[in-house]
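Peer 1: Pasting model-v4.tsv here (TSV, C-alpha atoms):
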chain	number	residue	atom	x	y	z
A	1	MET	CA	66.15	-53.97	27.17
A	2	CYS	CA	62.64	-55.21	27.82
A	3	ASN	CA	61.71	-58.61	26.47
A	4	VAL	CA	58.42	-57.27	25.07
A	5	GLN	CA	60.05	-54.54	23.05
A	6	GLY	CA	59.65	-56.44	19.79
A	7	LYS	CA	55.94	-56.93	20.38
A	8	LEU	CA	54.85	-53.39	21.06
A	9	VAL	CA	53.68	-52.56	17.53
A	10	ALA	CA	51.90	-55.90	17.20
A	11	TRP	CA	50.26	-55.22	20.58
A	12	LEU	CA	49.17	-51.77	19.36
A	13	ASP	CA	47.75	-53.33	16.20
A	14	GLY	CA	45.88	-55.97	18.18
A	15	GLU	CA	47.76	-58.75	16.46
A	16	LEU	CA	48.95	-60.63	19.55
A	17	PRO	CA	47.17	-63.65	21.01
A	18	ALA	CA	45.15	-62.82	24.10
A	19	ASN	CA	47.65	-64.20	26.63
A	20	GLU	CA	50.60	-62.37	25.07
A	21	ALA	CA	48.62	-59.15	24.77
A	22	ALA	CA	47.75	-59.30	28.48
A	23	GLU	CA	51.40	-59.87	29.33
A	24	VAL	CA	52.51	-56.87	27.26
A	25	ALA	CA	49.78	-54.68	28.73
A	26	GLN	CA	50.92	-55.53	32.24
A	27	HIS	CA	54.51	-54.77	31.34
A	28	ILE	CA	53.62	-51.39	29.83
A	29	GLU	CA	51.82	-50.44	33.02
A	30	ARG	CA	55.05	-50.97	34.94
A	31	CYS	CA	57.68	-49.82	32.39
A	32	GLU	CA	57.86	-46.13	31.66
A	33	GLU	CA	60.33	-46.62	28.82
A	34	CYS	CA	57.98	-48.96	26.98
A	35	ARG	CA	55.11	-46.55	27.57
A	36	GLY	CA	57.16	-43.88	25.86
A	37	ARG	CA	57.90	-46.20	22.96
A	38	VAL	CA	54.26	-47.08	22.56
A	39	ALA	CA	53.37	-43.39	22.48
A	40	ALA	CA	56.08	-42.76	19.87
A	41	TYR	CA	54.93	-45.67	17.70
A	42	LYS	CA	51.37	-44.41	17.89
A	43	GLN	CA	52.47	-40.97	16.80
A	44	VAL	CA	54.55	-42.33	13.92
A	45	THR	CA	51.63	-44.44	12.79
A	46	GLU	CA	49.29	-41.46	12.84
A	47	THR	CA	51.80	-39.30	10.98
A	48	PHE	CA	52.39	-42.00	8.38
A	49	THR	CA	48.65	-42.33	7.76
A	50	ALA	CA	48.25	-38.55	7.51
A	51	TYR	CA	51.20	-38.40	5.13
A	52	CYS	CA	49.70	-41.09	2.91
A	53	ASP	CA	46.41	-39.20	2.89
A	54	ALA	CA	48.19	-35.98	1.96
A	55	VAL	CA	50.13	-37.70	-0.84
A	56	THR	CA	46.95	-39.26	-2.18
A	57	GLN	CA	45.00	-36.03	-2.03
A	58	SER	CA	47.86	-34.16	-3.66
A	59	LYS	CA	48.02	-36.61	-6.55
A	60	MET	CA	44.27	-36.96	-6.99
A	61	GLN	CA	43.70	-33.22	-7.24
A	62	PRO	CA	43.14	-31.99	-10.79
A	63	ARG	CA	46.29	-30.13	-11.65
A	64	VAL	CA	46.37	-26.88	-13.54
A	65	PRO	CA	49.39	-26.63	-15.83
A	66	ARG	CA	51.98	-24.28	-14.41
A	67	TRP	CA	51.98	-22.03	-17.47
A	68	VAL	CA	48.27	-21.21	-17.10
A	69	PRO	CA	48.60	-18.77	-14.16
A	70	VAL	CA	51.68	-17.25	-15.79
A	71	LEU	CA	49.80	-16.69	-19.03
A	72	ALA	CA	46.79	-15.29	-17.18
A	73	ALA	CA	49.01	-12.89	-15.24
A	74	ALA	CA	50.71	-11.77	-18.46
A	75	ILE	CA	47.37	-11.09	-20.14
A	76	VAL	CA	46.12	-9.09	-17.15
A	77	PHE	CA	49.38	-7.13	-17.03
A	78	ALA	CA	49.17	-6.33	-20.74
A	79	GLY	CA	45.56	-5.19	-20.31
A	80	VAL	CA	46.49	-2.92	-17.43
A	81	LEU	CA	49.33	-1.43	-19.46
A	82	LEU	CA	46.99	-0.70	-22.36
A	83	LEU	CA	44.51	0.98	-20.03
A	84	VAL	CA	47.11	3.06	-18.22
A	85	PHE	CA	49.10	4.10	-21.28
A	86	PRO	CA	46.58	4.38	-24.13
A	87	ARG	CA	48.81	6.86	-25.98
A	88	MET	CA	51.41	4.23	-26.41
A	89	ARG	CA	49.22	2.45	-28.87
A	90	ILE	CA	50.69	2.18	-32.34
A	91	THR	CA	49.12	4.77	-34.65
A	92	PRO	CA	49.21	4.53	-38.43
A	93	PRO	CA	51.74	6.87	-40.08
A	94	PRO	CA	50.29	10.18	-41.36
A	95	VAL	CA	49.60	10.55	-45.04
A	96	LEU	CA	52.40	12.65	-46.52
A	97	THR	CA	51.72	15.22	-49.16
A	98	PRO	CA	53.89	14.66	-52.18
A	99	ALA	CA	56.78	17.07	-52.28
A	100	ILE	CA	57.50	18.99	-55.38
A	101	ALA	CA	60.91	18.15	-56.63
A	102	VAL	CA	63.04	20.81	-58.16
A	103	ALA	CA	65.45	19.24	-60.53
A	104	TYR	CA	68.48	20.96	-61.89
A	105	VAL	CA	70.39	20.14	-64.95
A	106	PRO	CA	73.18	17.73	-64.21
A	107	ALA	CA	76.67	19.18	-64.13
A	108	ALA	CA	77.77	17.04	-67.06
A	109	LEU	CA	75.44	18.82	-69.42
A	110	PRO	CA	76.86	21.68	-71.42
A	111	ALA	CA	74.56	24.05	-69.65
A	112	ALA	CA	76.22	23.20	-66.37
A	113	THR	CA	79.54	24.17	-67.85
A	114	ALA	CA	78.20	27.54	-68.79
A	115	PRO	CA	80.67	30.37	-68.55
A	116	ASP	CA	81.42	31.67	-65.08
A	117	THR	CA	80.23	34.99	-66.24
A	118	ALA	CA	76.67	33.83	-66.08
A	119	PRO	CA	74.67	36.64	-64.54
A	120	ARG	CA	74.08	36.25	-60.88
A	121	LYS	CA	70.67	37.60	-61.38
A	122	THR	CA	69.65	34.44	-63.18
A	123	VAL	CA	70.84	32.26	-60.38
A	124	HIS	CA	69.04	34.41	-57.88
A	125	LYS	CA	65.96	34.24	-60.00
A	126	ARG	CA	66.20	30.47	-60.08
A	127	HIS	CA	66.28	30.37	-56.29
A	128	VAL	CA	63.41	32.70	-56.03
A	129	ALA	CA	61.43	30.57	-58.44
A	130	ALA	CA	62.16	27.48	-56.38
A	131	ARG	CA	61.16	29.20	-53.16
A	132	THR	CA	57.96	30.35	-54.74
A	133	VAL	CA	57.16	26.85	-55.82
A	134	GLN	CA	57.82	25.57	-52.32
A	135	LYS	CA	55.51	28.21	-50.88
A	136	GLU	CA	52.87	27.28	-53.38
A	137	ALA	CA	53.32	23.64	-52.54
A	138	VAL	CA	52.09	24.31	-49.04
A	139	LYS	CA	48.84	25.64	-50.39
A	140	TRP	CA	48.62	23.10	-53.14
A	141	GLN	CA	46.23	20.20	-52.68
A	142	PRO	CA	47.68	16.87	-53.72
A	143	THR	CA	45.68	15.78	-56.69
A	144	GLU	CA	48.64	15.05	-58.88
A	145	SER	CA	52.45	15.37	-58.68
A	146	ALA	CA	54.35	18.14	-60.39
A	147	VAL	CA	58.02	18.59	-61.20
A	148	GLN	CA	59.80	21.77	-62.19
A	149	ILE	CA	63.01	21.63	-64.12
A	150	ALA	CA	65.11	24.70	-64.75
A	151	ILE	CA	66.84	24.35	-68.08
A	152	PRO	CA	69.34	26.88	-69.53
A	153	ALA	CA	68.27	27.94	-72.99
A	154	ASP	CA	71.74	27.10	-74.37
A	155	ALA	CA	71.05	23.45	-73.59
A	156	MET	CA	67.91	23.44	-75.74
A	157	PHE	CA	68.70	25.69	-78.66
A	158	ALA	CA	71.64	26.06	-80.96
A	159	PRO	CA	74.26	28.54	-79.78
A	160	GLY	CA	73.25	32.04	-80.67
A	161	ALA	CA	69.58	31.16	-81.27
A	162	VAL	CA	68.49	32.72	-78.01
A	163	PRO	CA	70.04	35.56	-76.03
A	164	LYS	CA	72.69	34.60	-73.57
A	165	GLY	CA	71.68	33.94	-70.02
A	166	MET	CA	68.07	33.02	-70.85
A	167	ASN	CA	66.62	30.08	-68.92
A	168	PHE	CA	63.45	28.13	-69.22
A	169	ILE	CA	61.49	26.31	-66.57
A	170	ALA	CA	59.71	23.16	-67.61
A	171	GLU	CA	56.75	22.23	-65.42
A	172	LEU	CA	55.82	18.60	-65.66
A	173	SER	CA	52.52	17.36	-64.30
A	174	ILE	CA	52.80	13.72	-63.31
A	175	ALA	CA	49.68	11.58	-63.43
A	176	PRO	CA	48.99	9.11	-60.57
A	177	ASP	CA	50.16	6.25	-62.79
A	178	GLY	CA	53.59	7.91	-63.14
A	179	SER	CA	53.24	9.12	-66.70
A	180	VAL	CA	53.77	12.76	-67.69
A	181	LYS	CA	50.40	14.33	-68.04
A	182	GLN	CA	51.33	17.84	-69.06
A	183	VAL	CA	54.49	19.78	-69.90
A	184	ARG	CA	54.54	23.57	-69.66
A	185	LEU	CA	57.52	25.54	-70.62
A	186	ARG	CA	57.90	29.07	-69.31
A	187	GLN	CA	60.60	31.55	-69.08
B	1	MET	CA	42.40	-42.25	14.78
B	2	PHE	CA	44.29	-44.97	12.93
B	3	TYR	CA	43.57	-47.53	15.63
B	4	ARG	CA	39.95	-46.53	15.82
B	5	GLN	CA	39.73	-47.08	12.09
B	6	ARG	CA	41.24	-50.51	12.44
B	7	ARG	CA	38.80	-51.42	15.19
B	8	ASP	CA	35.89	-50.13	13.19
B	9	ALA	CA	37.13	-51.58	9.93
B	10	GLU	CA	33.87	-53.38	9.37
B	11	ALA	CA	31.88	-50.20	9.78
B	12	GLN	CA	34.17	-48.14	7.60
B	13	VAL	CA	31.78	-47.66	4.72
B	14	THR	CA	32.17	-44.46	2.77
B	15	HIS	CA	28.98	-43.36	1.15
B	16	ASP	CA	30.46	-40.47	-0.78
B	17	SER	CA	32.08	-42.64	-3.39
B	18	VAL	CA	29.79	-43.69	-6.18
B	19	PRO	CA	30.75	-46.98	-7.81
B	20	LEU	CA	32.10	-46.20	-11.26
B	21	ALA	CA	32.52	-49.60	-12.81
B	22	LEU	CA	29.86	-51.58	-11.07
B	23	PRO	CA	26.83	-50.26	-12.94
B	24	LEU	CA	28.42	-51.62	-16.10
B	25	LEU	CA	28.57	-55.12	-14.69
B	26	PRO	CA	25.79	-57.59	-15.23
B	27	ILE	CA	23.62	-58.28	-12.21
B	28	ALA	CA	24.99	-61.50	-10.88
B	29	ALA	CA	25.62	-63.36	-7.71
B	30	GLY	CA	27.80	-61.42	-5.33
B	31	THR	CA	27.08	-58.01	-6.85
B	32	SER	CA	25.82	-56.54	-3.60
B	33	GLU	CA	28.87	-57.91	-1.83
B	34	VAL	CA	31.13	-56.35	-4.45
B	35	THR	CA	29.30	-53.05	-4.08
B	36	THR	CA	29.82	-53.12	-0.33
B	37	LEU	CA	33.48	-53.98	-0.73
B	38	TYR	CA	33.86	-51.26	-3.34
B	39	ARG	CA	32.49	-48.63	-1.00
B	40	GLU	CA	34.65	-49.88	1.81
B	41	LEU	CA	37.92	-50.46	0.04
B	42	ARG	CA	38.03	-48.09	-2.90
B	43	LYS	CA	39.72	-45.30	-1.00
B	44	PRO	CA	42.26	-47.46	0.84
B	45	LEU	CA	43.10	-49.16	-2.44
B	46	LEU	CA	43.53	-45.86	-4.24
B	47	ARG	CA	45.73	-44.57	-1.44
B	48	TYR	CA	47.84	-47.70	-1.46
B	49	LEU	CA	48.34	-47.58	-5.23
B	50	VAL	CA	49.10	-43.87	-5.33
B	51	CYS	CA	51.58	-44.27	-2.48
B	52	LEU	CA	53.19	-47.13	-4.40
B	53	GLY	CA	53.97	-44.60	-7.10
B	54	LEU	CA	51.09	-44.87	-9.59
B	55	THR	CA	49.52	-41.76	-11.05
B	56	SER	CA	45.97	-40.87	-10.17
B	57	ASP	CA	44.63	-42.18	-13.49
B	58	GLU	CA	46.62	-45.40	-13.30
B	59	ALA	CA	45.46	-46.00	-9.74
B	60	GLN	CA	41.82	-45.53	-10.71
B	61	ASP	CA	42.24	-47.90	-13.66
B	62	VAL	CA	43.83	-50.53	-11.45
B	63	VAL	CA	41.09	-50.22	-8.85
B	64	GLN	CA	38.39	-50.69	-11.47
B	65	ASP	CA	40.21	-53.68	-12.97
B	66	ALA	CA	40.62	-55.20	-9.52
B	67	PHE	CA	36.92	-54.93	-8.81
B	68	LEU	CA	36.05	-56.34	-12.22
B	69	ASN	CA	38.28	-59.30	-11.39
B	70	LEU	CA	36.60	-59.59	-8.02
B	71	GLN	CA	33.21	-59.68	-9.68
B	72	ARG	CA	34.36	-62.48	-12.01
B	73	HIS	CA	35.98	-64.26	-9.11
B	74	LEU	CA	32.80	-64.24	-7.06
B	75	THR	CA	30.61	-65.10	-10.04
B	76	SER	CA	32.74	-68.15	-10.73
B	77	HIS	CA	32.37	-69.15	-7.05
B	78	GLY	CA	36.02	-68.53	-6.21
B	79	ALA	CA	37.32	-68.70	-2.66
B	80	GLN	CA	35.82	-65.98	-0.48
B	81	GLU	CA	38.27	-66.32	2.36
B	82	ASN	CA	40.30	-63.19	3.03
B	83	ILE	CA	38.67	-61.31	0.18
B	84	ARG	CA	40.24	-57.99	1.22
B	85	GLY	CA	43.70	-59.51	1.00
B	86	TRP	CA	42.76	-61.02	-2.37
B	87	LEU	CA	41.65	-57.64	-3.69
B	88	PHE	CA	44.79	-55.88	-2.51
B	89	ARG	CA	46.95	-58.65	-3.98
B	90	VAL	CA	45.30	-58.29	-7.39
B	91	ALA	CA	45.72	-54.52	-7.28
B	92	HIS	CA	49.30	-54.88	-6.05
B	93	ASN	CA	50.21	-57.25	-8.89
B	94	GLN	CA	48.57	-55.04	-11.49
B	95	ALA	CA	50.40	-52.02	-10.14
B	96	ARG	CA	53.70	-53.87	-10.29
B	97	ASN	CA	52.98	-54.96	-13.86
B	98	ARG	CA	52.44	-51.35	-14.83
B	99	GLN	CA	55.63	-50.22	-13.17
B	100	THR	CA	57.97	-51.70	-15.69
B	101	SER	CA	60.71	-49.14	-15.64
B	102	TYR	CA	63.50	-49.51	-13.13
B	103	HIS	CA	63.23	-45.92	-11.99
B	104	ARG	CA	59.53	-46.06	-11.28
B	105	ARG	CA	59.72	-49.39	-9.54
B	106	PHE	CA	62.69	-48.67	-7.33
B	107	GLY	CA	62.34	-44.93	-7.11
B	108	GLU	CA	60.85	-43.03	-4.25
B	109	PRO	CA	57.10	-43.49	-4.49
B	110	LEU	CA	56.47	-41.48	-1.35
B	111	GLY	CA	59.16	-38.89	-1.94
B	112	GLY	CA	58.85	-35.42	-3.40
B	113	GLU	CA	57.35	-32.18	-2.26
B	114	LEU	CA	53.81	-32.15	-1.06
B	115	ASP	CA	51.83	-29.26	-2.43
B	116	PHE	CA	48.71	-30.25	-0.57
B	117	LEU	CA	48.22	-29.42	3.06
B	118	SER	CA	45.11	-28.66	5.00
B	119	ASP	CA	43.60	-25.34	3.97
B	120	GLU	CA	42.22	-24.74	7.42
B	121	ALA	CA	45.63	-24.82	9.05
B	122	THR	CA	47.36	-21.62	10.05
B	123	PRO	CA	50.68	-20.80	8.36
B	124	GLU	CA	52.54	-21.92	11.48
B	125	GLN	CA	50.67	-25.21	11.59
B	126	ARG	CA	51.30	-25.74	7.92
B	127	LEU	CA	54.99	-25.12	8.44
B	128	LEU	CA	55.16	-27.59	11.31
B	129	GLU	CA	53.17	-30.15	9.37
B	130	LYS	CA	55.42	-29.71	6.37
B	131	GLU	CA	58.51	-30.16	8.51
B	132	LYS	CA	57.04	-33.27	10.12
B	133	PHE	CA	56.22	-34.73	6.72
B	134	ARG	CA	59.69	-33.86	5.44
B	135	ARG	CA	61.32	-35.80	8.26
B	136	LEU	CA	58.93	-38.69	7.76
B	137	ALA	CA	59.64	-38.73	4.01
B	138	ASN	CA	63.35	-38.98	4.79
B	139	GLY	CA	62.60	-41.90	7.08
B	140	ILE	CA	60.45	-43.60	4.45
B	141	ARG	CA	63.29	-43.34	1.94
B	142	ALA	CA	65.48	-45.29	4.33
B	143	LEU	CA	63.02	-48.20	4.47
B	144	THR	CA	63.29	-51.29	2.33
B	145	GLU	CA	60.67	-51.91	-0.31
B	146	SER	CA	59.16	-54.70	1.74
B	147	GLU	CA	58.94	-52.53	4.85
B	148	ARG	CA	57.33	-49.74	2.86
B	149	GLU	CA	54.74	-52.05	1.33
B	150	CYS	CA	53.91	-53.61	4.69
B	151	LEU	CA	53.41	-50.18	6.25
B	152	LEU	CA	51.26	-49.01	3.35
B	153	LEU	CA	49.06	-52.08	3.56
B	154	ARG	CA	48.83	-51.69	7.32
B	155	ALA	CA	47.78	-48.05	6.80
B	156	GLY	CA	45.12	-49.42	4.44
B	157	GLY	CA	43.60	-51.30	7.39
B	158	LEU	CA	44.82	-54.79	6.53
B	159	ARG	CA	45.67	-57.33	9.23
B	160	TYR	CA	49.09	-58.93	9.30
B	161	ARG	CA	47.72	-62.13	7.79
B	162	GLU	CA	46.17	-60.20	4.91
B	163	ILE	CA	49.36	-58.25	4.38
B	164	GLY	CA	51.24	-61.53	4.26
B	165	ASP	CA	48.87	-62.76	1.53
B	166	VAL	CA	49.47	-59.65	-0.54
B	167	VAL	CA	53.24	-59.50	-0.35
B	168	GLY	CA	53.82	-63.23	-0.04
B	169	LEU	CA	55.34	-63.31	3.44
B	170	PRO	CA	54.48	-65.33	6.54
B	171	THR	CA	52.40	-63.49	9.16
B	172	SER	CA	55.24	-63.58	11.70
B	173	THR	CA	57.62	-62.01	9.17
B	174	VAL	CA	55.08	-59.28	8.47
B	175	GLY	CA	54.91	-58.56	12.22
B	176	ASP	CA	58.69	-58.28	12.45
B	177	THR	CA	58.85	-56.14	9.30
B	178	VAL	CA	56.20	-53.72	10.53
B	179	GLU	CA	57.84	-53.49	13.97
B	180	ARG	CA	61.23	-52.77	12.41
B	181	ALA	CA	59.83	-50.18	10.00
B	182	ILE	CA	57.96	-48.31	12.71
B	183	ARG	CA	61.04	-48.30	14.92
B	184	LYS	CA	63.16	-46.88	12.06
B	185	LEU	CA	60.63	-44.15	11.38
B	186	ALA	CA	60.39	-43.25	15.05
B	187	GLU	CA	64.18	-42.86	15.18
B	188	LYS	CA	64.29	-40.80	11.99
B	189	CYS	CA	61.46	-38.55	13.04
B	190	ASN	CA	62.95	-38.04	16.51
B	191	VAL	CA	59.66	-38.93	18.11
What would the structure in this file look like if it were written as structure tokens?

Peer 2:
Amino acid sequence: MCNVQGKLVAWLDGELPANEAAEVAQHIERCEECRGRVAAYKQVTETFTAYCDAVTQSKMQPRVPRWVPVLAAAIVFAGVLLLVFPRMRITPPPVLTPAIAVAYVPAALPAATAPDTAPRKTVHKRHVAARTVQKEAVKWQPTESAVQIAIPADAMFAPGAVPKGMNFIAELSIAPDGSVKQVRLRQ
Amino acid sequence: MFYRQRRDAEAQVTHDSVPLALPLLPIAAGTSEVTTLYRELRKPLLRYLVCLGLTSDEAQDVVQDAFLNLQRHLTSHGAQENIRGWLFRVAHNQARNRQTSYHRRFGEPLGGELDFLSDEATPEQRLLEKEKFRRLANGIRALTESERECLLLRAGGLRYREIGDVVGLPTSTVGDTVERAIRKLAEKCNV
């Protein structure tokens, strides 16, 4: 081990007195090992300085929060999606035309318990009437709601007052506020 | 480059840095000297403080406070011997006062990933540089606090005597500490 080994960095830094510096310089000329050490110390010093500069520059740079690029990318992606798939936009639901309800007399009513011998023709007629109403409903413009109720005559009049098997259809016009505007009774 | 900087320490005046605090000071004796010192030492001081572990804002605050103290010191005809060492000592003490928490004081001020590397470098160069810095950072972690501070002050262009004034060590001890630290880093970095 060279006796100047502990003075190499001080020699590099110019911190040695003149006589010691000259002694070290002479030794380095002769000793290859010390020359290698001096070169290594120089390189470490340079790297350390560069590292400090890099750390300083890294910390002094104005930093953008990490969520900013993520948010920007998400916004761009959403924009691209909207441009590529415009049909996927949410559309308001279509305005539905009010359906005409066809109400039947509940089964508990006496009319529902009408004799089984009730003419089939009447039932058929009732269906036909309902189908007609449905067909008309397609053409009908929705200004106000209407309800048709098929009522057996026995449920409205005293037994024997009207011929058996006679039915009535009550057409109710419903005003926009929900009240019954008009009632029309037809056979 | 480092040694050239040390040799030309007197001529190392950076003109790109505009004094921030000095215009607020009253014109007084020593102002031009303070301005010169500010231009010369602002960057080394900032680098030293940031490498000690202060944030960018804290480091700038400390630098401004240090120069305000210097202005008062010179105005009150304080000692002008080793004024660079004086300035670094003031900044060093202020930095240490700010670092009250155990973690921040004894943590790894120079550790962590570097996200800044030269933009002009090629990807290969950047990779090599990153690897070199990674090995150096490992070496720095193995240093004692005193060794780290001595190296940082030396990188700031201070002489051993000035470093001794800042950290409160004799000049010969500073020489030994710097020698030991450099040797450790050379071993760790496989240079």

Peer 1: Find the residues around region 19-24 of chain A up to 12 Å (all atoms listed in the file counted), leave out those fewer than 6 positions away in its own chain, and share them as a list in words.

Peer 2: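 In the requested form, the answer reads Cys2, Asn3, Val4, Gln5, Gly6, Lys7, Leu8, Val9, Ala10, Trp11, Leu12, Asp13, Arg30, Cys31, Cys34, Arg35 and Val38 of chain A.
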
Peer 1: CA of Tyr51 (chain A) to CA of His92 (chain B): how many Å, to one decimal?

Peer 2: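 Going from CA of Tyr51 (chain A) over to CA of His92 (chain B), I get 20.0 Å.
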
Peer 1: Record the distance separating CA of Leu185 (chain A) and CA of Ala170 (chain A), expressed in Å with one decimal.

Peer 2: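 Value for the CA of Leu185 (chain A)-CA of Ala170 (chain A) distance: 4.4 Å.
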
Peer 1: Pick out the chain A residues within 10 Å of chain B. Count all atoms listed in the file. Give them as number ranges by chain.

Peer 2: A: 5-10, 12-16, 36-37, 39-62

Peer 1: So what do you get for CA of Glu58 (chain B) versus CA of Arg98 (chain B), distance-wise?

Peer 2: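 CA of Glu58 (chain B) sits 8.5 Å away from CA of Arg98 (chain B).
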
Peer 1: Restricting the calculation to all atoms listed in the file: of A:Ile75, A:Ala25, A:Leu172, A:Val180, which residue gets closest to Ala146 (chain A)?

Peer 2: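 Of A:Ile75, A:Ala25, A:Leu172, A:Val180, the one nearest Ala146 (chain A) is A:Leu172, counting all atoms listed in the file.
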